[in-house]
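All remarks here apply to the structure that follows.
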Amino acid sequence: MAAIAQETPQEHHGPVHHQFENIVQQNEAYAIGMWTFLVTEIMFFGALFLSYGLYRWRYPVDFSRVHEELNINLGAFNTTVLLVSSFSMALGVHFAQLKDRAKVLKALSVTIACAFTFLVVKYFEYGAKLEHHLFPGANFRPEAEHLHGGNPNVAQMFYSLYFAMTGLHGIHVLVGILVIGFLMLLWVKKNPLVTEDFMPTEMIGLYWHFVDLVWIFLFPLYYLIPK
Amino acid sequence: MTSHDTPSNGAHILPISVYAKTLLVLLVLMAITVWAGQQTLPGGTVVNNIVAMSIAVIKASLVVMFFMHVKFSSKLTQFWAVVGFLWLTLLFMILVDYYSRAWEPVDSWNQADPGSSTPRGRMEPGGAHPDPNGFNVRPR
């Protein structure tokens, strides 16, 4: 009883919180908690991938024609940017494990810069689609040249899926920027929550790699449809 | 390479070269998938699709294994990671329903009867879908 009474919230409790046996168990609990969240994210995106698969299967020729409007170079550029951002995020976690604060901040800055670049490219891609009246709905009235011989109704379905899936992915990138920004703030302020324990950085890293993972599938499905 | 090199924060530290090599392979695979997507492969577009999706799965596995450390994680973490993707394959089994409709011994729904069962088109193997404008949408 006395031991419990002595512990106050202000007291520094060392790296292992009282409910865990040791650091390995604690870190595993963190990782599994994050993976549970990621499983829900896989379900979330999975349903969208399924609807995409159905329509692509049903209208392979129209999907191929309509997709020619998307710019492969921009898509490949954005893929590269996200892969590099994932690499720098992994380095950020690596330096967090080594408690090298300056290098963590450098690596996370690169990740955030890549995330911004990705969104800027996406902004121009979306802008071009809106300009050509390719956004599905009442204002969908593109010139024939932007449909590349595809059926307008299928094109509308294609762009519905395109905006829903890349838009949802874009929101995840935006959230990633906010979360990584907050993580960097904690590192700048030398908050022991992140400087003493690398797992918060690792968990945000897991989220960011998941965002990369979704794009790895979105890129070939939207930009590389065979004729 | 398990607990004997674990520092006080419990980190399993990999050399930077592991991450660099992973990135390099990912970029090479991306270049291959862009190239392969524009080729006319023997066997038709099905082969293109299989190649593109296989490369995407390999890339995803590399990210999960090395960037997300699942290769070096505890068995329980690995189990969780696999469960998510296992669920995804179960979800995609729904496609079997769409695929098998053409096998059903039902000609079509009765258009004159608004209360007839779920509309099903009959597809000859390799033939065109009876409703050219979409899925089995009942005319009203």
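Ligands are numbered from 1 in the order shown, residues from 1 within each chain, and chains are lettered A, B, ... in the order they appear in the structure tokens.
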
Requested in this report: Might you pull out every residue within 8 Å of Thr33 of chain B, with only C-alpha atoms counted and same-chain residues fewer than 4 positions away left off, and present them as a PyMOL selection string?
Outcome: (chain A and resi 220) or (chain B and resi 29+37+51-52+55)

Query raised in the report: Counting only C-alpha atoms, what is within 9 Å of His148 of chain A, bar same-chain residues fewer than 5 positions away, as number ranges by chain?
Result: A: 62, 65-69

Query - Non-local contacts of segment 206-208 of chain A (7 Å; only C-alpha atoms; under 2 positions in same chain excluded) as a PyMOL selection string - result: (chain A and resi 86+176+202-204+210-212) or (chain B and resi 68)

Query raised in the report: Which chain A residues are at most 7 Å from chain B (counting only C-alpha atoms), as a VMD selection string?
Result: chain A and resid 15 23 to 24 31 to 32 35 to 36 39 42 to 43 46 50 80 83 87 90 94 97 197 206 209 213 216 to 217 220 224 to 227

Write out, as a PDB file, in the first residue's frame, the residues just selected, with N, CA and C atoms.
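Once written, out_14.pdb looks like this:
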ATOM      1  N   PRO A  15      11.357   4.279 -18.417  1.00  0.00           N
ATOM      2  CA  PRO A  15      10.820   3.967 -19.740  1.00  0.00           C
ATOM      3  C   PRO A  15       9.628   3.015 -19.718  1.00  0.00           C
ATOM      4  N   ILE A  23      10.124  -3.567 -21.297  1.00  0.00           N
ATOM      5  CA  ILE A  23      10.062  -2.650 -22.442  1.00  0.00           C
ATOM      6  C   ILE A  23       9.606  -3.368 -23.709  1.00  0.00           C
ATOM      7  N   VAL A  24       9.974  -4.646 -23.861  1.00  0.00           N
ATOM      8  CA  VAL A  24       9.602  -5.385 -25.074  1.00  0.00           C
ATOM      9  C   VAL A  24       8.083  -5.533 -25.147  1.00  0.00           C
ATOM     10  N   ALA A  31       2.733  -1.324 -30.871  1.00  0.00           N
ATOM     11  CA  ALA A  31       2.720  -1.714 -32.290  1.00  0.00           C
ATOM     12  C   ALA A  31       1.389  -2.385 -32.652  1.00  0.00           C
ATOM     13  N   ILE A  32       0.895  -3.264 -31.762  1.00  0.00           N
ATOM     14  CA  ILE A  32      -0.348  -3.969 -32.071  1.00  0.00           C
ATOM     15  C   ILE A  32      -1.528  -3.002 -32.070  1.00  0.00           C
ATOM     16  N   TRP A  35      -1.384  -1.339 -35.381  1.00  0.00           N
ATOM     17  CA  TRP A  35      -1.774  -2.239 -36.466  1.00  0.00           C
ATOM     18  C   TRP A  35      -3.276  -2.492 -36.456  1.00  0.00           C
ATOM     19  N   THR A  36      -3.888  -2.509 -35.270  1.00  0.00           N
ATOM     20  CA  THR A  36      -5.348  -2.664 -35.207  1.00  0.00           C
ATOM     21  C   THR A  36      -6.017  -1.522 -35.948  1.00  0.00           C
ATOM     22  N   VAL A  39      -5.597  -2.041 -39.631  1.00  0.00           N
ATOM     23  CA  VAL A  39      -6.513  -3.049 -40.183  1.00  0.00           C
ATOM     24  C   VAL A  39      -7.852  -2.393 -40.535  1.00  0.00           C
ATOM     25  N   ILE A  42      -7.374  -0.667 -43.724  1.00  0.00           N
ATOM     26  CA  ILE A  42      -7.357  -1.597 -44.864  1.00  0.00           C
ATOM     27  C   ILE A  42      -8.795  -1.928 -45.268  1.00  0.00           C
ATOM     28  N   MET A  43      -9.674  -2.135 -44.268  1.00  0.00           N
ATOM     29  CA  MET A  43     -11.081  -2.421 -44.560  1.00  0.00           C
ATOM     30  C   MET A  43     -11.733  -1.236 -45.278  1.00  0.00           C
ATOM     31  N   GLY A  46     -10.313  -0.993 -48.644  1.00  0.00           N
ATOM     32  CA  GLY A  46     -10.599  -2.238 -49.354  1.00  0.00           C
ATOM     33  C   GLY A  46     -11.932  -2.199 -50.070  1.00  0.00           C
ATOM     34  N   LEU A  50     -12.612  -2.660 -54.027  1.00  0.00           N
ATOM     35  CA  LEU A  50     -13.537  -3.659 -54.564  1.00  0.00           C
ATOM     36  C   LEU A  50     -14.481  -3.013 -55.582  1.00  0.00           C
ATOM     37  N   THR A  80       7.266   8.311 -56.854  1.00  0.00           N
ATOM     38  CA  THR A  80       8.647   8.472 -56.397  1.00  0.00           C
ATOM     39  C   THR A  80       8.701   9.326 -55.131  1.00  0.00           C
ATOM     40  N   LEU A  83       7.531   7.343 -52.160  1.00  0.00           N
ATOM     41  CA  LEU A  83       8.493   6.311 -51.755  1.00  0.00           C
ATOM     42  C   LEU A  83       9.658   6.947 -51.007  1.00  0.00           C
ATOM     43  N   PHE A  87      10.938   6.457 -47.122  1.00  0.00           N
ATOM     44  CA  PHE A  87      12.334   6.185 -46.769  1.00  0.00           C
ATOM     45  C   PHE A  87      12.800   7.150 -45.682  1.00  0.00           C
ATOM     46  N   ALA A  90      11.322   6.299 -42.416  1.00  0.00           N
ATOM     47  CA  ALA A  90      12.002   5.153 -41.793  1.00  0.00           C
ATOM     48  C   ALA A  90      13.316   5.607 -41.151  1.00  0.00           C
ATOM     49  N   HIS A  94      14.596   5.487 -37.310  1.00  0.00           N
ATOM     50  CA  HIS A  94      15.929   4.949 -37.016  1.00  0.00           C
ATOM     51  C   HIS A  94      16.690   5.895 -36.072  1.00  0.00           C
ATOM     52  N   GLN A  97      15.309   5.960 -32.610  1.00  0.00           N
ATOM     53  CA  GLN A  97      15.786   4.821 -31.816  1.00  0.00           C
ATOM     54  C   GLN A  97      17.155   5.136 -31.213  1.00  0.00           C
ATOM     55  N   ASP A 197      11.310   7.870 -25.731  1.00  0.00           N
ATOM     56  CA  ASP A 197      10.617   6.673 -26.196  1.00  0.00           C
ATOM     57  C   ASP A 197      10.419   6.811 -27.705  1.00  0.00           C
ATOM     58  N   LEU A 206       4.403   4.135 -39.004  1.00  0.00           N
ATOM     59  CA  LEU A 206       3.539   3.066 -39.523  1.00  0.00           C
ATOM     60  C   LEU A 206       2.369   3.668 -40.299  1.00  0.00           C
ATOM     61  N   HIS A 209       3.671   4.977 -43.664  1.00  0.00           N
ATOM     62  CA  HIS A 209       3.957   3.899 -44.615  1.00  0.00           C
ATOM     63  C   HIS A 209       2.659   3.317 -45.171  1.00  0.00           C
ATOM     64  N   LEU A 213       1.515   2.794 -48.930  1.00  0.00           N
ATOM     65  CA  LEU A 213       1.025   1.482 -49.368  1.00  0.00           C
ATOM     66  C   LEU A 213      -0.223   1.621 -50.251  1.00  0.00           C
ATOM     67  N   ILE A 216       0.724   2.839 -53.646  1.00  0.00           N
ATOM     68  CA  ILE A 216       1.391   1.801 -54.444  1.00  0.00           C
ATOM     69  C   ILE A 216       0.357   1.044 -55.283  1.00  0.00           C
ATOM     70  N   PHE A 217      -0.861   0.887 -54.750  1.00  0.00           N
ATOM     71  CA  PHE A 217      -1.915   0.208 -55.522  1.00  0.00           C
ATOM     72  C   PHE A 217      -2.705   1.189 -56.388  1.00  0.00           C
ATOM     73  N   PRO A 220      -0.808   2.046 -60.195  1.00  0.00           N
ATOM     74  CA  PRO A 220      -1.042   1.194 -61.379  1.00  0.00           C
ATOM     75  C   PRO A 220      -2.518   1.079 -61.753  1.00  0.00           C
ATOM     76  N   LEU A 224      -2.058   3.171 -65.098  1.00  0.00           N
ATOM     77  CA  LEU A 224      -1.445   2.172 -65.990  1.00  0.00           C
ATOM     78  C   LEU A 224      -2.453   1.125 -66.446  1.00  0.00           C
ATOM     79  N   ILE A 225      -3.596   1.559 -66.975  1.00  0.00           N
ATOM     80  CA  ILE A 225      -4.587   0.597 -67.444  1.00  0.00           C
ATOM     81  C   ILE A 225      -4.212   0.181 -68.865  1.00  0.00           C
ATOM     82  N   PRO A 226      -3.983  -1.117 -69.119  1.00  0.00           N
ATOM     83  CA  PRO A 226      -3.552  -1.545 -70.453  1.00  0.00           C
ATOM     84  C   PRO A 226      -4.660  -1.397 -71.487  1.00  0.00           C
ATOM     85  N   LYS A 227      -4.235  -1.254 -72.737  1.00  0.00           N
ATOM     86  CA  LYS A 227      -5.201  -1.121 -73.829  1.00  0.00           C
ATOM     87  C   LYS A 227      -5.819  -2.465 -74.176  1.00  0.00           C
TER      88      LYS A 227
END

Query - segment 157-163 of chain A environment, 8 Å, only C-alpha atoms, sequence neighbours closer than 6 positions dropped, as number ranges by chain - result: A: 48, 52, 55, 63, 66, 134-136, 222

Query - Residues within 12 Å of Lys103 of chain A, only C-alpha atoms, excluding chain neighbours under 2 positions, as a PyMOL selection string - result: chain A and resi 88-101+105-110+184+187-188

Those residues you just picked out, can you put them in a file as a PDB file, in the first residue's frame with C-alpha atoms?
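Just written: again12.pdb:
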ATOM      1  CA  SER A  88      12.986   9.415 -44.866  1.00  0.00           C
ATOM      2  CA  MET A  89      10.248   8.491 -42.372  1.00  0.00           C
ATOM      3  CA  ALA A  90      12.002   5.153 -41.793  1.00  0.00           C
ATOM      4  CA  LEU A  91      15.249   7.091 -41.235  1.00  0.00           C
ATOM      5  CA  GLY A  92      13.408   9.367 -38.799  1.00  0.00           C
ATOM      6  CA  VAL A  93      12.373   6.317 -36.762  1.00  0.00           C
ATOM      7  CA  HIS A  94      15.929   4.949 -37.016  1.00  0.00           C
ATOM      8  CA  PHE A  95      17.392   8.164 -35.545  1.00  0.00           C
ATOM      9  CA  ALA A  96      14.636   8.280 -32.922  1.00  0.00           C
ATOM     10  CA  GLN A  97      15.786   4.821 -31.816  1.00  0.00           C
ATOM     11  CA  LEU A  98      19.314   6.257 -31.511  1.00  0.00           C
ATOM     12  CA  LYS A  99      17.946   9.420 -29.764  1.00  0.00           C
ATOM     13  CA  ASP A 100      19.664  11.613 -32.367  1.00  0.00           C
ATOM     14  CA  ARG A 101      17.312  14.601 -32.195  1.00  0.00           C
ATOM     15  CA  LEU A 105      14.109  16.555 -37.299  1.00  0.00           C
ATOM     16  CA  LYS A 106      15.972  16.584 -40.623  1.00  0.00           C
ATOM     17  CA  ALA A 107      14.445  13.283 -41.735  1.00  0.00           C
ATOM     18  CA  LEU A 108      10.917  14.309 -40.735  1.00  0.00           C
ATOM     19  CA  SER A 109      11.335  17.643 -42.568  1.00  0.00           C
ATOM     20  CA  VAL A 110      12.114  15.731 -45.762  1.00  0.00           C
ATOM     21  CA  MET A 184       8.250  17.439 -34.989  1.00  0.00           C
ATOM     22  CA  TRP A 187      10.922  16.817 -30.869  1.00  0.00           C
ATOM     23  CA  VAL A 188      11.744  20.542 -31.176  1.00  0.00           C
TER      24      VAL A 188
END

Query raised in the report: DSSP says helix (DSSP H, G or I) for which residues of segment 8-210 of chain A? Put them as a ChimeraX atom specification?
Result: /A:23-58,60-67,72-97,101-131,144-146,152-188,192-195,199-210

Query raised in the report: Quick one: distance from atom CA of Val84 of chain A to atom CA of Phe72 of chain B in Å, one decimal?
Result: 21.6 Å

Query raised in the report: Suppose you want the space between atom CA of Glu125 of chain A and atom CA of Leu174 of chain A; what is it in Å?
Result: 16.4 Å

Report task. Would you work out the distance separating atom CA of Phe116 of chain A from atom CA of Ile171 of chain A, expressed in Å to one decimal? Result -> 12.0 Å

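Among the candidates A:Tyr59, A:Cys114, A:Thr195, A:Phe37, the residue lying nearest to Asn153 of chain A is A:Tyr59 (atoms considered: only C-alpha atoms).
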